[in-house]
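S.K.: File upload-v6.cif follows (mmCIF, N, CA, C and O atoms):
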```
data_my_file
loop_
_atom_site.label_atom_id
_atom_site.label_comp_id
_atom_site.auth_asym_id
_atom_site.auth_seq_id
_atom_site.Cartn_x
_atom_site.Cartn_y
_atom_site.Cartn_z
N MET P 11 228.83 -120.32 -35.58
CA MET P 11 227.66 -121.17 -35.51
C MET P 11 227.81 -122.27 -36.56
O MET P 11 228.30 -122.05 -37.66
N VAL P 12 227.33 -123.44 -36.22
CA VAL P 12 227.37 -124.59 -37.11
C VAL P 12 226.48 -124.32 -38.31
O VAL P 12 225.48 -123.62 -38.21
N GLY P 13 226.82 -124.87 -39.46
CA GLY P 13 226.01 -124.70 -40.66
C GLY P 13 224.57 -125.07 -40.41
O GLY P 13 224.27 -126.01 -39.70
N VAL P 14 223.68 -124.32 -40.99
CA VAL P 14 222.24 -124.55 -40.82
C VAL P 14 221.82 -125.69 -41.74
O VAL P 14 222.15 -125.70 -42.92
N PRO P 15 221.10 -126.69 -41.21
CA PRO P 15 220.68 -127.81 -42.05
C PRO P 15 219.62 -127.37 -43.06
O PRO P 15 218.98 -126.35 -42.91
N GLU P 16 219.47 -128.16 -44.08
CA GLU P 16 218.47 -127.89 -45.11
C GLU P 16 217.06 -128.00 -44.52
O GLU P 16 216.86 -128.63 -43.49
N SER P 17 216.09 -127.41 -45.20
CA SER P 17 214.69 -127.51 -44.79
C SER P 17 214.27 -128.97 -44.77
O SER P 17 214.81 -129.79 -45.48
N HIS P 18 213.27 -129.23 -43.97
CA HIS P 18 212.76 -130.59 -43.86
C HIS P 18 211.25 -130.56 -44.00
O HIS P 18 210.59 -129.69 -43.47
N THR P 19 210.73 -131.52 -44.73
CA THR P 19 209.27 -131.63 -44.83
C THR P 19 208.86 -132.94 -44.17
O THR P 19 209.65 -133.85 -44.03
N GLY P 20 207.62 -133.01 -43.77
CA GLY P 20 207.14 -134.20 -43.07
C GLY P 20 207.28 -134.04 -41.57
O GLY P 20 207.70 -133.02 -41.07
N TRP P 21 206.97 -135.10 -40.86
CA TRP P 21 206.99 -135.02 -39.40
C TRP P 21 208.39 -135.26 -38.85
O TRP P 21 209.26 -135.80 -39.54
N THR P 22 208.61 -134.81 -37.63
CA THR P 22 209.88 -135.00 -36.93
C THR P 22 209.59 -135.41 -35.50
O THR P 22 208.46 -135.28 -35.02
N PHE P 23 210.60 -135.90 -34.80
CA PHE P 23 210.43 -136.34 -33.42
C PHE P 23 210.43 -135.18 -32.42
O PHE P 23 209.81 -135.28 -31.38
N ILE P 24 211.11 -134.11 -32.74
CA ILE P 24 211.29 -133.00 -31.79
C ILE P 24 210.43 -131.82 -32.21
O ILE P 24 210.44 -131.41 -33.36
N THR P 25 209.70 -131.23 -31.25
CA THR P 25 208.84 -130.09 -31.55
C THR P 25 209.66 -128.80 -31.71
O THR P 25 210.81 -128.73 -31.26
N SER P 26 209.06 -127.82 -32.29
CA SER P 26 209.70 -126.50 -32.43
C SER P 26 209.98 -125.90 -31.06
O SER P 26 211.02 -125.26 -30.85
N HIS P 27 209.08 -126.10 -30.10
CA HIS P 27 209.30 -125.58 -28.75
C HIS P 27 210.55 -126.20 -28.13
O HIS P 27 211.36 -125.50 -27.51
N ALA P 28 210.72 -127.49 -28.30
CA ALA P 28 211.91 -128.16 -27.76
C ALA P 28 213.17 -127.67 -28.46
O ALA P 28 214.21 -127.46 -27.81
N ARG P 29 213.11 -127.47 -29.76
CA ARG P 29 214.27 -126.98 -30.50
C ARG P 29 214.68 -125.58 -30.03
O ARG P 29 215.87 -125.30 -29.84
N VAL P 30 213.70 -124.70 -29.87
CA VAL P 30 213.99 -123.33 -29.41
C VAL P 30 214.56 -123.37 -28.00
O VAL P 30 215.57 -122.71 -27.71
N LEU P 31 213.97 -124.16 -27.12
CA LEU P 31 214.47 -124.25 -25.75
C LEU P 31 215.90 -124.79 -25.72
O LEU P 31 216.75 -124.30 -24.98
N ALA P 32 216.19 -125.78 -26.56
CA ALA P 32 217.55 -126.34 -26.63
C ALA P 32 218.54 -125.30 -27.16
O ALA P 32 219.66 -125.22 -26.65
N ALA P 33 218.15 -124.53 -28.15
CA ALA P 33 219.03 -123.49 -28.70
C ALA P 33 219.36 -122.46 -27.62
O ALA P 33 220.51 -122.02 -27.49
N ILE P 34 218.37 -122.10 -26.82
CA ILE P 34 218.58 -121.14 -25.74
C ILE P 34 219.43 -121.75 -24.64
O ILE P 34 220.33 -121.09 -24.10
N ALA P 35 219.19 -123.00 -24.30
CA ALA P 35 220.00 -123.66 -23.28
C ALA P 35 221.45 -123.76 -23.72
O ALA P 35 222.37 -123.66 -22.90
N ASP P 36 221.66 -123.94 -25.01
CA ASP P 36 223.01 -124.05 -25.56
C ASP P 36 223.73 -122.70 -25.54
O ASP P 36 224.94 -122.65 -25.38
N ASN P 37 222.97 -121.61 -25.69
CA ASN P 37 223.56 -120.27 -25.69
C ASN P 37 222.54 -119.28 -25.13
O ASN P 37 221.68 -118.80 -25.86
N PRO P 38 222.62 -118.97 -23.83
CA PRO P 38 221.63 -118.08 -23.20
C PRO P 38 221.57 -116.67 -23.77
O PRO P 38 220.61 -115.95 -23.53
N ASN P 39 222.59 -116.26 -24.53
CA ASN P 39 222.61 -114.92 -25.12
C ASN P 39 222.27 -114.93 -26.60
O ASN P 39 222.46 -113.93 -27.28
N ILE P 40 221.76 -116.04 -27.10
CA ILE P 40 221.46 -116.19 -28.52
C ILE P 40 220.37 -115.19 -28.94
O ILE P 40 219.47 -114.88 -28.16
N ARG P 41 220.47 -114.70 -30.14
CA ARG P 41 219.47 -113.76 -30.68
C ARG P 41 218.35 -114.53 -31.38
O ARG P 41 218.56 -115.63 -31.88
N ILE P 42 217.20 -113.92 -31.42
CA ILE P 42 216.04 -114.55 -32.07
C ILE P 42 216.37 -114.91 -33.52
O ILE P 42 216.00 -115.98 -33.98
N ARG P 43 217.08 -114.05 -34.20
CA ARG P 43 217.45 -114.32 -35.59
C ARG P 43 218.29 -115.60 -35.70
O ARG P 43 218.11 -116.41 -36.60
N GLU P 44 219.22 -115.80 -34.75
CA GLU P 44 220.06 -116.99 -34.76
C GLU P 44 219.25 -118.25 -34.43
O GLU P 44 219.48 -119.30 -35.01
N ILE P 45 218.31 -118.11 -33.49
CA ILE P 45 217.45 -119.25 -33.15
C ILE P 45 216.63 -119.65 -34.37
O ILE P 45 216.51 -120.83 -34.69
N ALA P 46 216.08 -118.65 -35.03
CA ALA P 46 215.25 -118.91 -36.21
C ALA P 46 216.05 -119.67 -37.28
O ALA P 46 215.57 -120.65 -37.85
N ALA P 47 217.27 -119.23 -37.54
CA ALA P 47 218.10 -119.90 -38.54
C ALA P 47 218.45 -121.32 -38.11
O ALA P 47 218.35 -122.25 -38.91
N ARG P 48 218.81 -121.48 -36.87
CA ARG P 48 219.21 -122.80 -36.37
C ARG P 48 218.04 -123.78 -36.36
O ARG P 48 218.20 -124.95 -36.68
N CYS P 49 216.86 -123.29 -36.00
CA CYS P 49 215.68 -124.17 -35.88
C CYS P 49 214.85 -124.22 -37.16
O CYS P 49 213.84 -124.92 -37.20
N ARG P 50 215.25 -123.46 -38.17
CA ARG P 50 214.51 -123.40 -39.44
C ARG P 50 213.07 -122.93 -39.22
O ARG P 50 212.12 -123.53 -39.71
N LEU P 51 212.94 -121.84 -38.47
CA LEU P 51 211.65 -121.22 -38.18
C LEU P 51 211.74 -119.74 -38.55
O LEU P 51 212.83 -119.20 -38.72
N THR P 52 210.59 -119.08 -38.60
CA THR P 52 210.60 -117.64 -38.80
C THR P 52 210.89 -116.96 -37.46
O THR P 52 210.68 -117.55 -36.39
N GLU P 53 211.37 -115.73 -37.53
CA GLU P 53 211.62 -114.99 -36.30
C GLU P 53 210.33 -114.78 -35.53
O GLU P 53 210.31 -114.81 -34.30
N ARG P 54 209.24 -114.59 -36.25
CA ARG P 54 207.93 -114.41 -35.61
C ARG P 54 207.53 -115.68 -34.85
O ARG P 54 207.02 -115.61 -33.73
N ALA P 55 207.75 -116.85 -35.45
CA ALA P 55 207.43 -118.11 -34.78
C ALA P 55 208.29 -118.29 -33.54
O ALA P 55 207.79 -118.72 -32.48
N VAL P 56 209.57 -117.95 -33.62
CA VAL P 56 210.46 -118.06 -32.47
C VAL P 56 209.99 -117.13 -31.35
O VAL P 56 209.95 -117.53 -30.18
N SER P 57 209.62 -115.91 -31.69
CA SER P 57 209.11 -114.97 -30.67
C SER P 57 207.87 -115.52 -29.98
O SER P 57 207.74 -115.42 -28.76
N ARG P 58 206.98 -116.12 -30.75
CA ARG P 58 205.76 -116.71 -30.19
C ARG P 58 206.10 -117.88 -29.27
O ARG P 58 205.54 -118.02 -28.19
N ILE P 59 207.05 -118.71 -29.68
CA ILE P 59 207.45 -119.87 -28.87
C ILE P 59 208.11 -119.39 -27.58
O ILE P 59 207.83 -119.92 -26.50
N ILE P 60 208.98 -118.39 -27.67
CA ILE P 60 209.61 -117.84 -26.47
C ILE P 60 208.55 -117.31 -25.53
O ILE P 60 208.61 -117.53 -24.31
N SER P 61 207.55 -116.64 -26.05
CA SER P 61 206.45 -116.14 -25.23
C SER P 61 205.71 -117.29 -24.55
O SER P 61 205.40 -117.22 -23.35
N ASP P 62 205.43 -118.36 -25.29
CA ASP P 62 204.78 -119.54 -24.71
C ASP P 62 205.61 -120.12 -23.58
O ASP P 62 205.08 -120.45 -22.50
N LEU P 63 206.92 -120.26 -23.81
CA LEU P 63 207.81 -120.86 -22.81
C LEU P 63 207.92 -119.98 -21.57
O LEU P 63 207.95 -120.50 -20.44
N LYS P 64 207.95 -118.66 -21.76
CA LYS P 64 207.99 -117.75 -20.61
C LYS P 64 206.68 -117.81 -19.83
O LYS P 64 206.69 -117.88 -18.59
N GLN P 65 205.56 -117.80 -20.54
CA GLN P 65 204.25 -117.82 -19.90
C GLN P 65 204.06 -119.10 -19.08
O GLN P 65 203.45 -119.08 -18.01
N ALA P 66 204.60 -120.21 -19.56
CA ALA P 66 204.47 -121.50 -18.87
C ALA P 66 205.52 -121.68 -17.77
O ALA P 66 205.49 -122.68 -17.05
N GLY P 67 206.46 -120.74 -17.65
CA GLY P 67 207.45 -120.80 -16.58
C GLY P 67 208.70 -121.61 -16.90
O GLY P 67 209.50 -121.88 -16.01
N TYR P 68 208.89 -121.99 -18.15
CA TYR P 68 210.08 -122.75 -18.54
C TYR P 68 211.27 -121.85 -18.82
O TYR P 68 212.41 -122.33 -18.87
N LEU P 69 211.02 -120.57 -19.02
CA LEU P 69 212.04 -119.65 -19.47
C LEU P 69 211.79 -118.28 -18.88
O LEU P 69 210.64 -117.87 -18.72
N SER P 70 212.86 -117.57 -18.57
CA SER P 70 212.76 -116.17 -18.17
C SER P 70 213.93 -115.45 -18.86
O SER P 70 214.80 -116.09 -19.44
N HIS P 71 213.91 -114.14 -18.80
CA HIS P 71 215.02 -113.40 -19.41
C HIS P 71 215.25 -112.09 -18.69
O HIS P 71 214.37 -111.57 -18.00
N THR P 72 216.47 -111.61 -18.81
CA THR P 72 216.83 -110.27 -18.35
C THR P 72 217.36 -109.53 -19.56
O THR P 72 217.89 -110.14 -20.50
N ARG P 73 217.20 -108.24 -19.54
CA ARG P 73 217.61 -107.43 -20.68
C ARG P 73 218.66 -106.43 -20.22
O ARG P 73 218.46 -105.71 -19.25
N GLU P 74 219.77 -106.40 -20.94
CA GLU P 74 220.83 -105.41 -20.71
C GLU P 74 221.08 -104.70 -22.03
O GLU P 74 221.59 -105.32 -22.97
N GLY P 75 220.66 -103.46 -22.12
CA GLY P 75 220.77 -102.75 -23.38
C GLY P 75 219.90 -103.41 -24.43
O GLY P 75 218.70 -103.57 -24.24
N ARG P 76 220.52 -103.86 -25.51
CA ARG P 76 219.77 -104.51 -26.59
C ARG P 76 219.90 -106.04 -26.54
O ARG P 76 219.47 -106.73 -27.45
N THR P 77 220.51 -106.55 -25.48
CA THR P 77 220.79 -107.98 -25.38
C THR P 77 219.89 -108.65 -24.35
O THR P 77 219.76 -108.17 -23.23
N ASN P 78 219.30 -109.76 -24.73
CA ASN P 78 218.55 -110.59 -23.80
C ASN P 78 219.44 -111.73 -23.32
O ASN P 78 220.17 -112.32 -24.12
N THR P 79 219.36 -112.01 -22.04
CA THR P 79 220.01 -113.19 -21.49
C THR P 79 218.89 -114.06 -20.94
O THR P 79 218.15 -113.64 -20.06
N TYR P 80 218.77 -115.25 -21.50
CA TYR P 80 217.69 -116.16 -21.13
C TYR P 80 218.14 -117.10 -20.02
O TYR P 80 219.32 -117.41 -19.89
N ARG P 81 217.18 -117.55 -19.24
CA ARG P 81 217.44 -118.54 -18.20
C ARG P 81 216.38 -119.62 -18.32
O ARG P 81 215.18 -119.35 -18.21
N VAL P 82 216.83 -120.84 -18.54
CA VAL P 82 215.94 -122.00 -18.61
C VAL P 82 215.75 -122.52 -17.19
O VAL P 82 216.70 -122.58 -16.40
N GLU P 83 214.53 -122.87 -16.84
CA GLU P 83 214.23 -123.45 -15.52
C GLU P 83 214.38 -124.97 -15.62
O GLU P 83 213.45 -125.66 -16.03
N PRO P 84 215.55 -125.52 -15.26
CA PRO P 84 215.83 -126.94 -15.50
C PRO P 84 214.99 -127.90 -14.67
O PRO P 84 214.81 -129.06 -15.07
N ASP P 85 214.44 -127.44 -13.56
CA ASP P 85 213.67 -128.34 -12.69
C ASP P 85 212.18 -128.36 -13.02
O ASP P 85 211.43 -129.17 -12.46
N LYS P 86 211.75 -127.49 -13.90
CA LYS P 86 210.34 -127.47 -14.32
C LYS P 86 210.04 -128.78 -15.05
O LYS P 86 210.81 -129.24 -15.88
N VAL P 87 208.92 -129.41 -14.71
CA VAL P 87 208.61 -130.71 -15.31
C VAL P 87 207.94 -130.54 -16.67
O VAL P 87 207.31 -129.53 -16.96
N LEU P 88 208.11 -131.56 -17.50
CA LEU P 88 207.52 -131.55 -18.83
C LEU P 88 206.00 -131.60 -18.72
O LEU P 88 205.45 -132.10 -17.74
N ARG P 89 205.32 -131.12 -19.74
CA ARG P 89 203.87 -130.91 -19.69
C ARG P 89 203.03 -132.15 -19.95
O ARG P 89 201.94 -132.28 -19.42
N HIS P 90 203.47 -133.04 -20.81
CA HIS P 90 202.64 -134.17 -21.21
C HIS P 90 202.54 -135.19 -20.09
O HIS P 90 203.54 -135.50 -19.44
N PRO P 91 201.36 -135.76 -19.84
CA PRO P 91 201.20 -136.74 -18.76
C PRO P 91 202.11 -137.96 -18.90
O PRO P 91 202.51 -138.55 -17.89
N ALA P 92 202.49 -138.31 -20.11
CA ALA P 92 203.37 -139.47 -20.31
C ALA P 92 204.77 -139.21 -19.75
O ALA P 92 205.50 -140.16 -19.45
N GLU P 93 205.16 -137.94 -19.62
CA GLU P 93 206.46 -137.59 -19.06
C GLU P 93 206.33 -136.95 -17.68
O GLU P 93 207.21 -136.23 -17.24
N ALA P 94 205.23 -137.21 -17.00
CA ALA P 94 204.96 -136.60 -15.69
C ALA P 94 206.16 -136.81 -14.75
O ALA P 94 206.65 -137.92 -14.61
N GLY P 95 206.62 -135.72 -14.17
CA GLY P 95 207.72 -135.77 -13.22
C GLY P 95 209.09 -135.67 -13.85
O GLY P 95 210.08 -135.49 -13.15
N LEU P 96 209.20 -135.76 -15.16
CA LEU P 96 210.49 -135.67 -15.83
C LEU P 96 210.86 -134.20 -16.00
O LEU P 96 210.11 -133.44 -16.61
N PRO P 97 212.02 -133.78 -15.49
CA PRO P 97 212.38 -132.36 -15.60
C PRO P 97 212.90 -131.99 -16.99
O PRO P 97 213.40 -132.83 -17.73
N VAL P 98 212.79 -130.72 -17.31
CA VAL P 98 213.29 -130.19 -18.57
C VAL P 98 214.77 -130.51 -18.74
O VAL P 98 215.22 -130.80 -19.85
N ALA P 99 215.52 -130.52 -17.66
CA ALA P 99 216.96 -130.81 -17.74
C ALA P 99 217.22 -132.17 -18.39
O ALA P 99 218.20 -132.33 -19.13
N SER P 100 216.35 -133.15 -18.16
CA SER P 100 216.52 -134.47 -18.78
C SER P 100 216.39 -134.39 -20.29
O SER P 100 217.16 -135.00 -21.03
N LEU P 101 215.39 -133.65 -20.76
CA LEU P 101 215.21 -133.47 -22.20
C LEU P 101 216.40 -132.72 -22.80
O LEU P 101 216.95 -133.12 -23.82
N LEU P 102 216.81 -131.65 -22.15
CA LEU P 102 217.90 -130.83 -22.67
C LEU P 102 219.22 -131.59 -22.69
O LEU P 102 220.05 -131.35 -23.56
N SER P 103 219.41 -132.52 -21.77
CA SER P 103 220.65 -133.30 -21.78
C SER P 103 220.77 -134.13 -23.05
O SER P 103 221.87 -134.45 -23.49
N LEU P 104 219.64 -134.46 -23.66
CA LEU P 104 219.66 -135.20 -24.92
C LEU P 104 219.83 -134.28 -26.13
O LEU P 104 220.36 -134.69 -27.16
N LEU P 105 219.35 -133.05 -26.02
CA LEU P 105 219.31 -132.15 -27.18
C LEU P 105 220.48 -131.20 -27.28
O LEU P 105 220.83 -130.77 -28.38
N VAL P 106 221.08 -130.84 -26.16
CA VAL P 106 222.15 -129.85 -26.15
C VAL P 106 223.48 -130.58 -26.08
O VAL P 106 223.69 -131.41 -25.22
N GLN P 107 224.35 -130.25 -27.01
CA GLN P 107 225.67 -130.87 -27.07
C GLN P 107 226.74 -129.79 -27.09
O GLN P 107 226.48 -128.67 -27.49
N ASP P 108 227.94 -130.19 -26.65
CA ASP P 108 229.07 -129.28 -26.80
C ASP P 108 229.34 -129.06 -28.28
O ASP P 108 229.12 -129.95 -29.09
N GLU P 109 229.80 -127.88 -28.61
CA GLU P 109 230.12 -127.57 -30.00
C GLU P 109 231.08 -128.60 -30.58
O GLU P 109 230.95 -129.01 -31.73
N SER P 110 232.04 -129.07 -29.79
CA SER P 110 233.01 -130.05 -30.30
C SER P 110 232.33 -131.36 -30.67
O SER P 110 232.67 -131.99 -31.66
N GLU P 111 231.33 -131.76 -29.91
CA GLU P 111 230.60 -132.99 -30.24
C GLU P 111 229.72 -132.81 -31.46
O GLU P 111 229.52 -133.73 -32.24
N ARG P 112 229.17 -131.64 -31.63
CA ARG P 112 228.26 -131.37 -32.74
C ARG P 112 229.00 -131.41 -34.08
O ARG P 112 228.45 -131.81 -35.08
N THR P 113 230.26 -131.00 -34.07
CA THR P 113 231.02 -130.95 -35.32
C THR P 113 231.88 -132.18 -35.54
O THR P 113 232.41 -132.37 -36.61
N ARG P 114 232.02 -133.01 -34.51
CA ARG P 114 232.86 -134.21 -34.63
C ARG P 114 232.12 -135.28 -35.42
O ARG P 114 230.92 -135.48 -35.24
N LYS P 115 232.85 -135.96 -36.28
CA LYS P 115 232.25 -137.05 -37.06
C LYS P 115 232.21 -138.31 -36.21
O LYS P 115 233.10 -138.55 -35.42
N PRO P 116 231.17 -139.15 -36.39
CA PRO P 116 231.09 -140.39 -35.63
C PRO P 116 232.27 -141.30 -35.97
O PRO P 116 232.74 -141.34 -37.10
N VAL P 117 232.70 -142.03 -34.97
CA VAL P 117 233.79 -142.98 -35.15
C VAL P 117 233.23 -144.26 -35.73
O VAL P 117 232.24 -144.80 -35.23
N ALA P 118 233.87 -144.78 -36.77
CA ALA P 118 233.42 -146.04 -37.39
C ALA P 118 233.73 -147.20 -36.47
O ALA P 118 234.77 -147.20 -35.81
N PRO P 119 232.85 -148.21 -36.39
CA PRO P 119 233.10 -149.35 -35.49
C PRO P 119 234.26 -150.21 -35.94
O PRO P 119 234.70 -150.29 -37.00
#
```
When written as structure tokens, how does the structure in this file appear?
M.R.:
Amino acid sequence: MVGVPESHTGWTFITSHARVLAAIADNPNIRIREIAARCRLTERAVSRIISDLKQAGYLSHTREGRTNTYRVEPDKVLRHPAEAGLPVASLLSLLVQDESERTRKPVAP
């Protein structure tokens, strides 16, 4: 897993729900503990967010032994009226990157 960024104070552009959903989309077998570390949230907050996402139909999961495998519903539309008709897949395409892209340094112009 990529190094966890430092804590951040103040406002940000991306909500915790979007961060959790992106972490799951990036790795459907990710553990709550790993999501919490990656998103800089508590495990309890991540569990609550996962519950919200499942209840709203954005996420489902299957359980095999002690492992959860999550499934994001990519065609489900975003909730805010300003994004009416925009599917979750569009948001995730901006937030989820290949591991190679995440660790690659930007090329200088």
S.K.: Evaluate the PyMOL selection byres ((chain P and resi 82) around 7) here and jot the selected residues down as a list in words.
M.R.: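 On the file shown, the PyMOL selection byres ((chain P and resi 82) around 7) covers Leu31, Ile34, Ala35, Gly67, Tyr68, Leu69, Ser70, Tyr80, Arg81, Glu83, Pro84 and Asp85 of chain P.
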S.K.: Keeping only N, CA, C and O atoms, write the selected residues as a PDB file, in the coordinates of the input.
M.R.:
```pdb
ATOM      1  N   LEU P  31     213.970-124.160 -27.120  1.00  0.00           N
ATOM      2  CA  LEU P  31     214.470-124.250 -25.750  1.00  0.00           C
ATOM      3  C   LEU P  31     215.900-124.790 -25.720  1.00  0.00           C
ATOM      4  O   LEU P  31     216.750-124.300 -24.980  1.00  0.00           O
ATOM      5  N   ILE P  34     218.370-122.100 -26.820  1.00  0.00           N
ATOM      6  CA  ILE P  34     218.580-121.140 -25.740  1.00  0.00           C
ATOM      7  C   ILE P  34     219.430-121.750 -24.640  1.00  0.00           C
ATOM      8  O   ILE P  34     220.330-121.090 -24.100  1.00  0.00           O
ATOM      9  N   ALA P  35     219.190-123.000 -24.300  1.00  0.00           N
ATOM     10  CA  ALA P  35     220.000-123.660 -23.280  1.00  0.00           C
ATOM     11  C   ALA P  35     221.450-123.760 -23.720  1.00  0.00           C
ATOM     12  O   ALA P  35     222.370-123.660 -22.900  1.00  0.00           O
ATOM     13  N   GLY P  67     206.460-120.740 -17.650  1.00  0.00           N
ATOM     14  CA  GLY P  67     207.450-120.800 -16.580  1.00  0.00           C
ATOM     15  C   GLY P  67     208.700-121.610 -16.900  1.00  0.00           C
ATOM     16  O   GLY P  67     209.500-121.880 -16.010  1.00  0.00           O
ATOM     17  N   TYR P  68     208.890-121.990 -18.150  1.00  0.00           N
ATOM     18  CA  TYR P  68     210.080-122.750 -18.540  1.00  0.00           C
ATOM     19  C   TYR P  68     211.270-121.850 -18.820  1.00  0.00           C
ATOM     20  O   TYR P  68     212.410-122.330 -18.870  1.00  0.00           O
ATOM     21  N   LEU P  69     211.020-120.570 -19.020  1.00  0.00           N
ATOM     22  CA  LEU P  69     212.040-119.650 -19.470  1.00  0.00           C
ATOM     23  C   LEU P  69     211.790-118.280 -18.880  1.00  0.00           C
ATOM     24  O   LEU P  69     210.640-117.870 -18.720  1.00  0.00           O
ATOM     25  N   SER P  70     212.860-117.570 -18.570  1.00  0.00           N
ATOM     26  CA  SER P  70     212.760-116.170 -18.170  1.00  0.00           C
ATOM     27  C   SER P  70     213.930-115.450 -18.860  1.00  0.00           C
ATOM     28  O   SER P  70     214.800-116.090 -19.440  1.00  0.00           O
ATOM     29  N   TYR P  80     218.770-115.250 -21.500  1.00  0.00           N
ATOM     30  CA  TYR P  80     217.690-116.160 -21.130  1.00  0.00           C
ATOM     31  C   TYR P  80     218.140-117.100 -20.020  1.00  0.00           C
ATOM     32  O   TYR P  80     219.320-117.410 -19.890  1.00  0.00           O
ATOM     33  N   ARG P  81     217.180-117.550 -19.240  1.00  0.00           N
ATOM     34  CA  ARG P  81     217.440-118.540 -18.200  1.00  0.00           C
ATOM     35  C   ARG P  81     216.380-119.620 -18.320  1.00  0.00           C
ATOM     36  O   ARG P  81     215.180-119.350 -18.210  1.00  0.00           O
ATOM     37  N   GLU P  83     214.530-122.870 -16.840  1.00  0.00           N
ATOM     38  CA  GLU P  83     214.230-123.450 -15.520  1.00  0.00           C
ATOM     39  C   GLU P  83     214.380-124.970 -15.620  1.00  0.00           C
ATOM     40  O   GLU P  83     213.450-125.660 -16.030  1.00  0.00           O
ATOM     41  N   PRO P  84     215.550-125.520 -15.260  1.00  0.00           N
ATOM     42  CA  PRO P  84     215.830-126.940 -15.500  1.00  0.00           C
ATOM     43  C   PRO P  84     214.990-127.900 -14.670  1.00  0.00           C
ATOM     44  O   PRO P  84     214.810-129.060 -15.070  1.00  0.00           O
ATOM     45  N   ASP P  85     214.440-127.440 -13.560  1.00  0.00           N
ATOM     46  CA  ASP P  85     213.670-128.340 -12.690  1.00  0.00           C
ATOM     47  C   ASP P  85     212.180-128.360 -13.020  1.00  0.00           C
ATOM     48  O   ASP P  85     211.430-129.170 -12.460  1.00  0.00           O
TER      49      ASP P  85
END
```
S.K.: Residues at most 8 Å from Ile45 (chain P), counting all atoms listed in the file, excluding those fewer than 5 positions away in the same chain, as a PyMOL selection string?
M.R.: chain P and resi 29-30+33-34+40+50-53+56
S.K.: Pick out each residue of region 27-74 of chain P that DSSP on the backbone tags as strand (DSSP E); I need them as a list in words.
M.R.: Leu69, Ser70, His71, Thr72, Arg73 and Glu74 of chain P
S.K.: Which residue is closest to Thr72 (chain P)? Choose from P:Pro38, P:Thr22, P:Lys86, P:Leu101 and count only N, CA, C and O atoms.
M.R.: P:Pro38
S.K.: For a quick check of understanding, using only N, CA, C and O atoms, which of P:Glu74, P:Ser100, P:Gly95, P:Ser26 has the smallest distance to Cys49 (chain P)?
M.R.: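 Checking each candidate against Cys49 (chain P), we get P:Ser26 as the closest.
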S.K.: If I take CA of Thr77 (chain P) and CA of Ile42 (chain P), how far is one from the other in Å, to one decimal?
M.R.: 10.5 Å
S.K.: Just asking: which residues within chain P are helix (DSSP H, G or I) according to DSSP, as number ranges by chain?
M.R.: P: 26-36, 42-49, 53-65, 91-93, 98-105, 109-113
